[in-house]
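As provided, structure.pdb (PDB, C-alpha atoms, pLDDT in the B column) reads as follows.
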ATOM      1  CA  MET A   1     117.431  66.150  90.128  1.00 40.00           C
ATOM      2  CA  GLY A   2     115.313  67.255  93.096  1.00 42.00           C
ATOM      3  CA  GLU A   3     114.593  64.605  95.700  1.00 56.00           C
ATOM      4  CA  GLY A   4     112.167  62.108  94.287  1.00 88.00           C
ATOM      5  CA  ILE A   5     110.049  64.270  91.945  1.00 94.00           C
ATOM      6  CA  GLU A   6     108.776  61.888  89.286  1.00 96.00           C
ATOM      7  CA  LEU A   7     105.781  63.756  87.915  1.00 97.00           C
ATOM      8  CA  VAL A   8     104.995  67.414  87.238  1.00 98.00           C
ATOM      9  CA  VAL A   9     101.346  68.408  86.785  1.00 98.00           C
ATOM     10  CA  LEU A  10     100.769  71.759  85.083  1.00 97.00           C
ATOM     11  CA  ASP A  11      97.667  73.842  84.477  1.00 92.00           C
ATOM     12  CA  MET A  12      97.147  75.187  80.953  1.00 90.00           C
ATOM     13  CA  ALA A  13      95.533  78.650  80.592  1.00 86.00           C
ATOM     14  CA  GLY A  14      97.517  81.222  82.541  1.00 88.00           C
ATOM     15  CA  THR A  15     100.259  78.758  83.499  1.00 94.00           C
ATOM     16  CA  THR A  16     101.648  77.207  80.320  1.00 94.00           C
ATOM     17  CA  VAL A  17      99.415  79.019  77.807  1.00 91.00           C
ATOM     18  CA  ARG A  18      99.068  82.808  77.678  1.00 87.00           C
ATOM     19  CA  ASP A  19      95.597  83.849  78.749  1.00 79.00           C
ATOM     20  CA  ASP A  20      95.553  87.630  78.147  1.00 77.00           C
ATOM     21  CA  GLY A  21      92.073  87.821  79.636  1.00 78.00           C
ATOM     22  CA  LEU A  22      90.529  85.319  77.213  1.00 81.00           C
ATOM     23  CA  VAL A  23      88.960  83.235  79.955  1.00 82.00           C
ATOM     24  CA  GLU A  24      87.333  86.262  81.602  1.00 84.00           C
ATOM     25  CA  GLN A  25      86.114  87.558  78.226  1.00 86.00           C
ATOM     26  CA  SER A  26      84.608  84.156  77.499  1.00 88.00           C
ATOM     27  CA  PHE A  27      82.851  84.069  80.860  1.00 87.00           C
ATOM     28  CA  ASP A  28      81.367  87.521  80.158  1.00 90.00           C
ATOM     29  CA  SER A  29      80.081  86.326  76.786  1.00 90.00           C
ATOM     30  CA  ALA A  30      78.596  83.231  78.394  1.00 91.00           C
ATOM     31  CA  LEU A  31      76.829  85.240  81.091  1.00 92.00           C
ATOM     32  CA  ASN A  32      75.402  87.606  78.495  1.00 90.00           C
ATOM     33  CA  ALA A  33      74.220  84.642  76.413  1.00 92.00           C
ATOM     34  CA  VAL A  34      72.044  83.403  79.278  1.00 90.00           C
ATOM     35  CA  GLY A  35      70.636  86.793  80.221  1.00 90.00           C
ATOM     36  CA  VAL A  36      73.049  88.067  82.873  1.00 90.00           C
ATOM     37  CA  ARG A  37      73.586  91.647  81.710  1.00 88.00           C
ATOM     38  CA  ALA A  38      76.722  93.688  82.352  1.00 86.00           C
ATOM     39  CA  GLY A  39      76.320  96.309  85.053  1.00 86.00           C
ATOM     40  CA  THR A  40      73.639  94.443  87.005  1.00 91.00           C
ATOM     41  CA  ALA A  41      74.108  93.212  90.554  1.00 91.00           C
ATOM     42  CA  GLU A  42      73.730  89.636  89.289  1.00 90.00           C
ATOM     43  CA  HIS A  43      76.548  90.179  86.825  1.00 90.00           C
ATOM     44  CA  GLN A  44      78.809  91.660  89.501  1.00 90.00           C
ATOM     45  CA  ARG A  45      78.151  88.707  91.819  1.00 90.00           C
ATOM     46  CA  ALA A  46      78.839  86.273  88.990  1.00 90.00           C
ATOM     47  CA  GLN A  47      82.080  88.025  88.027  1.00 87.00           C
ATOM     48  CA  ARG A  48      83.270  87.912  91.624  1.00 87.00           C
ATOM     49  CA  TYR A  49      82.473  84.199  91.868  1.00 89.00           C
ATOM     50  CA  VAL A  50      84.235  83.496  88.573  1.00 86.00           C
ATOM     51  CA  TRP A  51      87.366  85.276  89.777  1.00 82.00           C
ATOM     52  CA  GLU A  52      87.351  83.468  93.124  1.00 82.00           C
ATOM     53  CA  THR A  53      86.959  80.067  91.455  1.00 83.00           C
ATOM     54  CA  MET A  54      89.398  80.501  88.579  1.00 80.00           C
ATOM     55  CA  GLY A  55      90.876  77.099  87.800  1.00 75.00           C
ATOM     56  CA  GLN A  56      87.687  75.199  88.505  1.00 79.00           C
ATOM     57  CA  SER A  57      85.889  73.179  85.840  1.00 80.00           C
ATOM     58  CA  LYS A  58      83.828  75.607  83.806  1.00 84.00           C
ATOM     59  CA  ILE A  59      80.637  73.559  83.900  1.00 86.00           C
ATOM     60  CA  GLU A  60      80.977  73.292  87.688  1.00 86.00           C
ATOM     61  CA  VAL A  61      81.206  77.096  87.864  1.00 88.00           C
ATOM     62  CA  PHE A  62      78.037  77.518  85.827  1.00 92.00           C
ATOM     63  CA  ASP A  63      76.229  74.845  87.852  1.00 92.00           C
ATOM     64  CA  ALA A  64      77.063  76.846  90.985  1.00 91.00           C
ATOM     65  CA  LEU A  65      76.001  80.146  89.414  1.00 92.00           C
ATOM     66  CA  PHE A  66      72.668  78.727  88.250  1.00 93.00           C
ATOM     67  CA  PRO A  67      71.599  76.161  90.875  1.00 92.00           C
ATOM     68  CA  GLY A  68      68.553  74.185  89.893  1.00 92.00           C
ATOM     69  CA  GLU A  69      68.847  75.406  86.287  1.00 94.00           C
ATOM     70  CA  PRO A  70      70.900  72.712  84.536  1.00 92.00           C
ATOM     71  CA  ASP A  71      69.797  73.764  81.053  1.00 94.00           C
ATOM     72  CA  ARG A  72      70.859  77.363  81.671  1.00 94.00           C
ATOM     73  CA  ALA A  73      74.201  76.205  83.094  1.00 93.00           C
ATOM     74  CA  ARG A  74      74.880  74.037  80.064  1.00 91.00           C
ATOM     75  CA  SER A  75      73.875  76.793  77.665  1.00 95.00           C
ATOM     76  CA  ALA A  76      76.306  79.107  79.429  1.00 93.00           C
ATOM     77  CA  ASN A  77      79.050  76.489  79.261  1.00 90.00           C
ATOM     78  CA  THR A  78      78.469  75.980  75.535  1.00 91.00           C
ATOM     79  CA  ALA A  79      78.630  79.740  74.972  1.00 92.00           C
ATOM     80  CA  PHE A  80      81.837  79.919  76.999  1.00 89.00           C
ATOM     81  CA  GLU A  81      83.540  77.165  75.009  1.00 86.00           C
ATOM     82  CA  HIS A  82      82.418  78.667  71.690  1.00 87.00           C
ATOM     83  CA  ARG A  83      83.688  82.151  72.565  1.00 89.00           C
ATOM     84  CA  TYR A  84      86.970  80.862  73.952  1.00 84.00           C
ATOM     85  CA  ASP A  85      87.523  78.845  70.783  1.00 81.00           C
ATOM     86  CA  GLU A  86      86.908  81.980  68.686  1.00 81.00           C
ATOM     87  CA  LEU A  87      89.356  84.040  70.732  1.00 82.00           C
ATOM     88  CA  MET A  88      91.918  81.260  70.823  1.00 77.00           C
ATOM     89  CA  ALA A  89      91.975  81.144  67.021  1.00 69.00           C
ATOM     90  CA  HIS A  90      93.541  84.610  67.053  1.00 72.00           C
ATOM     91  CA  SER A  91      95.591  84.368  70.243  1.00 77.00           C
ATOM     92  CA  CYS A  92      97.135  81.029  71.127  1.00 81.00           C
ATOM     93  CA  GLU A  93     100.675  81.297  72.421  1.00 88.00           C
ATOM     94  CA  PRO A  94     102.722  79.562  75.101  1.00 93.00           C
ATOM     95  CA  ILE A  95     103.942  81.359  78.191  1.00 92.00           C
ATOM     96  CA  ASP A  96     107.539  82.450  77.608  1.00 93.00           C
ATOM     97  CA  GLY A  97     109.812  79.611  78.640  1.00 95.00           C
ATOM     98  CA  ALA A  98     107.003  77.081  79.137  1.00 96.00           C
ATOM     99  CA  GLU A  99     107.976  74.791  76.287  1.00 96.00           C
ATOM    100  CA  LYS A 100     111.631  74.826  77.327  1.00 96.00           C
ATOM    101  CA  ALA A 101     110.647  74.072  80.917  1.00 96.00           C
ATOM    102  CA  MET A 102     108.541  71.089  79.925  1.00 96.00           C
ATOM    103  CA  SER A 103     111.232  69.758  77.612  1.00 96.00           C
ATOM    104  CA  SER A 104     113.958  70.110  80.241  1.00 95.00           C
ATOM    105  CA  LEU A 105     111.859  68.308  82.836  1.00 96.00           C
ATOM    106  CA  ARG A 106     111.242  65.405  80.481  1.00 95.00           C
ATOM    107  CA  ASP A 107     114.931  65.314  79.533  1.00 94.00           C
ATOM    108  CA  ALA A 108     115.657  64.941  83.260  1.00 92.00           C
ATOM    109  CA  GLY A 109     113.367  61.929  83.448  1.00 94.00           C
ATOM    110  CA  VAL A 110     110.339  63.679  84.944  1.00 96.00           C
ATOM    111  CA  ARG A 111     106.920  62.942  83.484  1.00 97.00           C
ATOM    112  CA  VAL A 112     104.902  66.003  82.487  1.00 97.00           C
ATOM    113  CA  CYS A 113     101.101  66.138  82.580  1.00 97.00           C
ATOM    114  CA  LEU A 114      98.826  69.033  81.610  1.00 96.00           C
ATOM    115  CA  THR A 115      95.470  69.493  83.347  1.00 94.00           C
ATOM    116  CA  THR A 116      92.595  71.777  82.447  1.00 87.00           C
ATOM    117  CA  GLY A 117      89.060  72.740  83.344  1.00 82.00           C
ATOM    118  CA  PHE A 118      88.165  73.125  79.663  1.00 81.00           C
ATOM    119  CA  ALA A 119      85.874  70.674  77.928  1.00 80.00           C
ATOM    120  CA  ARG A 120      87.618  67.913  75.970  1.00 85.00           C
ATOM    121  CA  GLU A 121      86.925  69.454  72.551  1.00 84.00           C
ATOM    122  CA  THR A 122      88.345  72.852  73.514  1.00 82.00           C
ATOM    123  CA  ARG A 123      91.347  71.236  75.185  1.00 85.00           C
ATOM    124  CA  ASP A 124      92.109  69.151  72.104  1.00 88.00           C
ATOM    125  CA  ARG A 125      91.869  72.135  69.745  1.00 85.00           C
ATOM    126  CA  LEU A 126      94.175  74.111  72.034  1.00 86.00           C
ATOM    127  CA  LEU A 127      96.759  71.314  72.018  1.00 89.00           C
ATOM    128  CA  GLU A 128      96.602  71.032  68.234  1.00 88.00           C
ATOM    129  CA  ARG A 129      97.059  74.771  67.708  1.00 86.00           C
ATOM    130  CA  LEU A 130     100.030  74.817  70.064  1.00 90.00           C
ATOM    131  CA  GLY A 131     101.520  71.666  68.556  1.00 90.00           C
ATOM    132  CA  TRP A 132     101.957  70.136  72.010  1.00 93.00           C
ATOM    133  CA  ARG A 133     100.803  66.576  71.407  1.00 88.00           C
ATOM    134  CA  ASP A 134     104.365  65.281  71.585  1.00 91.00           C
ATOM    135  CA  LEU A 135     105.630  67.814  74.113  1.00 94.00           C
ATOM    136  CA  VAL A 136     103.951  66.254  77.156  1.00 95.00           C
ATOM    137  CA  ASP A 137     103.357  62.737  78.438  1.00 96.00           C
ATOM    138  CA  LEU A 138      99.690  63.068  79.367  1.00 96.00           C
ATOM    139  CA  VAL A 139      96.738  65.484  79.357  1.00 94.00           C
ATOM    140  CA  VAL A 140      93.974  65.090  81.945  1.00 94.00           C
ATOM    141  CA  GLY A 141      90.628  66.874  81.991  1.00 89.00           C
ATOM    142  CA  VAL A 142      87.645  66.759  84.301  1.00 85.00           C
ATOM    143  CA  GLU A 143      85.982  64.110  82.133  1.00 84.00           C
ATOM    144  CA  ASP A 144      88.957  61.846  82.743  1.00 88.00           C
ATOM    145  CA  ALA A 145      89.119  62.362  86.500  1.00 85.00           C
ATOM    146  CA  GLY A 146      85.578  62.834  87.808  1.00 83.00           C
ATOM    147  CA  ARG A 147      85.891  66.184  89.590  1.00 86.00           C
ATOM    148  CA  GLY A 148      87.702  69.409  88.765  1.00 84.00           C
ATOM    149  CA  ARG A 149      89.751  71.708  90.970  1.00 87.00           C
ATOM    150  CA  PRO A 150      89.967  72.403  93.866  1.00 91.00           C
ATOM    151  CA  HIS A 151      89.516  68.645  94.213  1.00 92.00           C
ATOM    152  CA  PRO A 152      92.748  66.693  93.706  1.00 95.00           C
ATOM    153  CA  ASP A 153      91.220  64.198  91.269  1.00 95.00           C
ATOM    154  CA  MET A 154      93.076  65.274  88.108  1.00 95.00           C
ATOM    155  CA  ILE A 155      96.434  65.183  89.884  1.00 97.00           C
ATOM    156  CA  GLN A 156      95.677  61.808  91.425  1.00 96.00           C
ATOM    157  CA  THR A 157      94.527  60.448  88.053  1.00 96.00           C
ATOM    158  CA  ALA A 158      97.869  61.464  86.520  1.00 96.00           C
ATOM    159  CA  ALA A 159      99.795  59.907  89.416  1.00 97.00           C
ATOM    160  CA  ARG A 160      97.928  56.615  89.052  1.00 96.00           C
ATOM    161  CA  HIS A 161      98.525  56.630  85.306  1.00 96.00           C
ATOM    162  CA  PHE A 162     102.291  56.707  85.859  1.00 96.00           C
ATOM    163  CA  GLY A 163     102.309  54.503  88.943  1.00 96.00           C
ATOM    164  CA  VAL A 164     103.477  57.277  91.268  1.00 95.00           C
ATOM    165  CA  VAL A 165     102.413  55.996  94.689  1.00 94.00           C
ATOM    166  CA  ASP A 166     103.966  58.637  96.951  1.00 95.00           C
ATOM    167  CA  PRO A 167     102.257  62.029  96.330  1.00 95.00           C
ATOM    168  CA  ARG A 168     105.375  63.795  97.636  1.00 95.00           C
ATOM    169  CA  ARG A 169     107.028  62.749  94.383  1.00 96.00           C
ATOM    170  CA  VAL A 170     104.592  64.986  92.469  1.00 97.00           C
ATOM    171  CA  ALA A 171     105.080  68.687  91.729  1.00 98.00           C
ATOM    172  CA  VAL A 172     102.096  70.874  90.802  1.00 98.00           C
ATOM    173  CA  ALA A 173     102.063  74.351  89.266  1.00 97.00           C
ATOM    174  CA  GLY A 174      99.193  76.690  88.431  1.00 94.00           C
ATOM    175  CA  ASP A 175      98.154  80.342  88.351  1.00 93.00           C
ATOM    176  CA  THR A 176      95.075  80.169  90.580  1.00 91.00           C
ATOM    177  CA  GLY A 177      94.278  79.518  94.214  1.00 92.00           C
ATOM    178  CA  TYR A 178      92.270  76.467  93.164  1.00 91.00           C
ATOM    179  CA  ASP A 179      95.292  75.038  91.313  1.00 94.00           C
ATOM    180  CA  VAL A 180      97.277  75.423  94.521  1.00 96.00           C
ATOM    181  CA  LEU A 181      94.532  74.005  96.714  1.00 94.00           C
ATOM    182  CA  ALA A 182      94.199  70.947  94.489  1.00 95.00           C
ATOM    183  CA  GLY A 183      97.940  70.348  94.819  1.00 97.00           C
ATOM    184  CA  ILE A 184      97.824  70.686  98.599  1.00 97.00           C
ATOM    185  CA  ARG A 185      94.878  68.282  98.814  1.00 96.00           C
ATOM    186  CA  ALA A 186      96.746  65.813  96.618  1.00 96.00           C
ATOM    187  CA  GLY A 187      99.681  65.899  99.039  1.00 96.00           C
ATOM    188  CA  ALA A 188     102.130  67.033  96.350  1.00 97.00           C
ATOM    189  CA  GLY A 189     105.713  67.650  97.456  1.00 95.00           C
ATOM    190  CA  VAL A 190     105.933  70.906  95.484  1.00 97.00           C
ATOM    191  CA  VAL A 191     102.920  73.154  94.956  1.00 97.00           C
ATOM    192  CA  ALA A 192     103.962  76.232  92.996  1.00 97.00           C
ATOM    193  CA  GLY A 193     101.827  79.234  92.201  1.00 96.00           C
ATOM    194  CA  VAL A 194     102.853  81.205  89.120  1.00 96.00           C
ATOM    195  CA  LEU A 195     102.258  84.910  88.494  1.00 95.00           C
ATOM    196  CA  THR A 196     101.375  84.735  84.795  1.00 92.00           C
ATOM    197  CA  GLY A 197      97.643  84.275  85.167  1.00 85.00           C
ATOM    198  CA  ALA A 198      94.596  85.021  87.261  1.00 83.00           C
ATOM    199  CA  HIS A 199      95.758  85.369  90.857  1.00 89.00           C
ATOM    200  CA  ASP A 200      98.425  87.375  92.651  1.00 92.00           C
ATOM    201  CA  ALA A 201     101.166  86.245  95.010  1.00 96.00           C
ATOM    202  CA  ARG A 202      99.116  86.900  98.140  1.00 95.00           C
ATOM    203  CA  THR A 203      96.178  84.814  96.919  1.00 93.00           C
ATOM    204  CA  LEU A 204      98.452  81.951  95.889  1.00 95.00           C
ATOM    205  CA  ALA A 205     100.266  82.006  99.227  1.00 96.00           C
ATOM    206  CA  GLU A 206      96.991  82.146 101.169  1.00 95.00           C
ATOM    207  CA  HIS A 207      95.893  78.962  99.422  1.00 94.00           C
ATOM    208  CA  GLY A 208      99.069  77.203 100.573  1.00 95.00           C
ATOM    209  CA  ALA A 209     101.627  77.471  97.751  1.00 96.00           C
ATOM    210  CA  THR A 210     105.013  76.081  98.761  1.00 96.00           C
ATOM    211  CA  HIS A 211     106.601  78.339  96.133  1.00 97.00           C
ATOM    212  CA  VAL A 212     105.441  81.459  94.284  1.00 97.00           C
ATOM    213  CA  LEU A 213     107.253  81.808  90.957  1.00 97.00           C
ATOM    214  CA  GLU A 214     107.339  84.483  88.286  1.00 96.00           C
ATOM    215  CA  SER A 215     106.431  81.834  85.730  1.00 96.00           C
ATOM    216  CA  VAL A 216     106.505  78.127  84.975  1.00 96.00           C
ATOM    217  CA  ALA A 217     109.900  78.746  83.372  1.00 96.00           C
ATOM    218  CA  ASP A 218     111.307  78.826  86.913  1.00 97.00           C
ATOM    219  CA  LEU A 219     109.846  75.452  87.906  1.00 96.00           C
ATOM    220  CA  PRO A 220     112.664  73.157  86.699  1.00 96.00           C
ATOM    221  CA  ALA A 221     115.108  74.895  89.050  1.00 94.00           C
ATOM    222  CA  VAL A 222     112.750  74.173  91.969  1.00 94.00           C
ATOM    223  CA  VAL A 223     112.150  70.564  90.962  1.00 92.00           C
ATOM    224  CA  GLN A 224     115.836  69.903  90.351  1.00 81.00           C
ATOM    225  CA  ASP A 225     117.117  71.793  93.415  1.00 71.00           C
TER     226      ASP A 225
END

Spit out the file's structure as structure tokens when you get a sec.
Amino acid sequence: MGEGIELVVLDMAGTTVRDDGLVEQSFDSALNAVGVRAGTAEHQRAQRYVWETMGQSKIEVFDALFPGEPDRARSANTAFEHRYDELMAHSCEPIDGAEKAMSSLRDAGVRVCLTTGFARETRDRLLERLGWRDLVDLVVGVEDAGRGRPHPDMIQTAARHFGVVDPRRVAVAGDTGYDVLAGIRAGAGVVAGVLTGAHDARTLAEHGATHVLESVADLPAVVQD
């Protein structure tokens, strides 16, 4: 096994779970629900911000989009979660090779944790539909950690849970620049960007990825190298 990696922390949508644009569609529905109409300058600015902050806690995104309007931000977040849940009911599949990767890591003695910016209810429904309750060792959301990406809190929460003191013994993988940045800020020994989700190789590298992989299916080879 790779030198000292004890814990792997993986993002969900776009990294271990196929996204197929569901997150962006849900953001569009949420913006429309709170009066941000498609084609307007406000909508274009919001779309750009959403793309740049992919991976961040959804409520934090809406708080930033609607500063000083907490009710509007929470209405948008509720609309987002509702629309994503609707779409997920018809399209909820793992990334090819993700389940095998997680199983092989655990078989090698590595703990596997999933992290997500989704609200707890949406996260739990997603896990149930995928049948992943017994596939991973831990799932951490923003509610469990305090702050979402790009802060390292979710990664650090997982490390504390398993008693991993040296952050270099943690590997992180995600499909967004914020996933990568959170891993860098946590001091993880491996911070892999994957090309199955929101951001491209250049964006992932610019945020500091130690590895850029075609998918999470390639992560065990990096961890066990």

Spatial neighbours of Lys100 of chain A, max dist 10 Å, all atoms listed in the file, sep filter under 2 positions, as a PyMOL selection string: chain A and resi 96-98+102-106+135+216-217+220

Selection dump of the PyMOL selection byres ((chain A and resi 95) around 8), as a list of chain:residue names: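 This file gives the following for the PyMOL selection byres ((chain A and resi 95) around 8): A:Gly14, A:Thr15, A:Thr16, A:Val17, A:Arg18, A:Glu93, A:Pro94, A:Asp96, A:Gly97, A:Ala98, A:Glu99, A:Thr196, A:Ser215, A:Val216.
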
Ground truth for the PyMOL selection byres ((chain A and resi 152-169) around 12), written as a PyMOL selection string: chain A and resi 1-11+56-57+110-117+137-151+170-174+178-191+223

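If you look at atom CA of Ala192 of chain A and atom CA of Ala221 of chain A, they are 11.9 Å away from each other.
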
The PyMOL selection byres ((chain A and resi 54) around 8) resolved against shown file, as an MDAnalysis selection string: chainID A and resid 50:53 55:56 176:178 198

Within 12 Å of Val36 of chain A using all atoms listed in the file, minus same-chain residues under 5 positions, as a ChimeraX atom specification: /A:27-31,41-47,65-66,72-73,76

Point-to-point distance from atom CA of Asp175 of chain A to atom CA of His199 of chain A, Å rounded to tenths: 6.1 Å

Straight-line distance linking atom CA of Ala64 of chain A with atom CA of Ser91 of chain A, stated in Å to one decimal: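 Atom CA of Ser91 of chain A lies 28.8 Å from atom CA of Ala64 of chain A.
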
From A:Val194, A:Ala201, A:Met88, A:Val222, residue lying nearest Gly21 of chain A [only C-alpha atoms]: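 Closest to Gly21 of chain A of all the choices is A:Met88.
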
Selection: 10 Å around Asn77 of chain A, all atoms listed in the file, excl. self and same-chain fewer than 4 positions, as a VMD selection string: chain A and resid 26 to 27 30 to 31 33 to 34 58 to 63 71 to 73 81 to 83 118 to 119

Store the residues picked out above, limited to C-alpha atoms, as a PDB file, in the frame of the given file.
ATOM      1  CA  SER A  26      84.608  84.156  77.499  1.00 88.00           C
ATOM      2  CA  PHE A  27      82.851  84.069  80.860  1.00 87.00           C
ATOM      3  CA  ALA A  30      78.596  83.231  78.394  1.00 91.00           C
ATOM      4  CA  LEU A  31      76.829  85.240  81.091  1.00 92.00           C
ATOM      5  CA  ALA A  33      74.220  84.642  76.413  1.00 92.00           C
ATOM      6  CA  VAL A  34      72.044  83.403  79.278  1.00 90.00           C
ATOM      7  CA  LYS A  58      83.828  75.607  83.806  1.00 84.00           C
ATOM      8  CA  ILE A  59      80.637  73.559  83.900  1.00 86.00           C
ATOM      9  CA  GLU A  60      80.977  73.292  87.688  1.00 86.00           C
ATOM     10  CA  VAL A  61      81.206  77.096  87.864  1.00 88.00           C
ATOM     11  CA  PHE A  62      78.037  77.518  85.827  1.00 92.00           C
ATOM     12  CA  ASP A  63      76.229  74.845  87.852  1.00 92.00           C
ATOM     13  CA  ASP A  71      69.797  73.764  81.053  1.00 94.00           C
ATOM     14  CA  ARG A  72      70.859  77.363  81.671  1.00 94.00           C
ATOM     15  CA  ALA A  73      74.201  76.205  83.094  1.00 93.00           C
ATOM     16  CA  GLU A  81      83.540  77.165  75.009  1.00 86.00           C
ATOM     17  CA  HIS A  82      82.418  78.667  71.690  1.00 87.00           C
ATOM     18  CA  ARG A  83      83.688  82.151  72.565  1.00 89.00           C
ATOM     19  CA  PHE A 118      88.165  73.125  79.663  1.00 81.00           C
ATOM     20  CA  ALA A 119      85.874  70.674  77.928  1.00 80.00           C
TER      21      ALA A 119
END

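Compared by their closest atoms to Leu87 of chain A, and using all atoms listed in the file, the residues A:Val136, A:Glu24, A:Ala108, A:Tyr49 rank with A:Glu24 nearest.
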
Ref. answer, residues at most 12 Å from (97.0, 72.3, 67.9) with all atoms listed in the file, as a count of residues only: 21

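Proximity to Asp19 of chain A was assessed for A:Leu213, A:Leu195, A:Ala79, A:Ala101 counting all atoms listed in the file; the smallest distance is recorded for A:Leu195.
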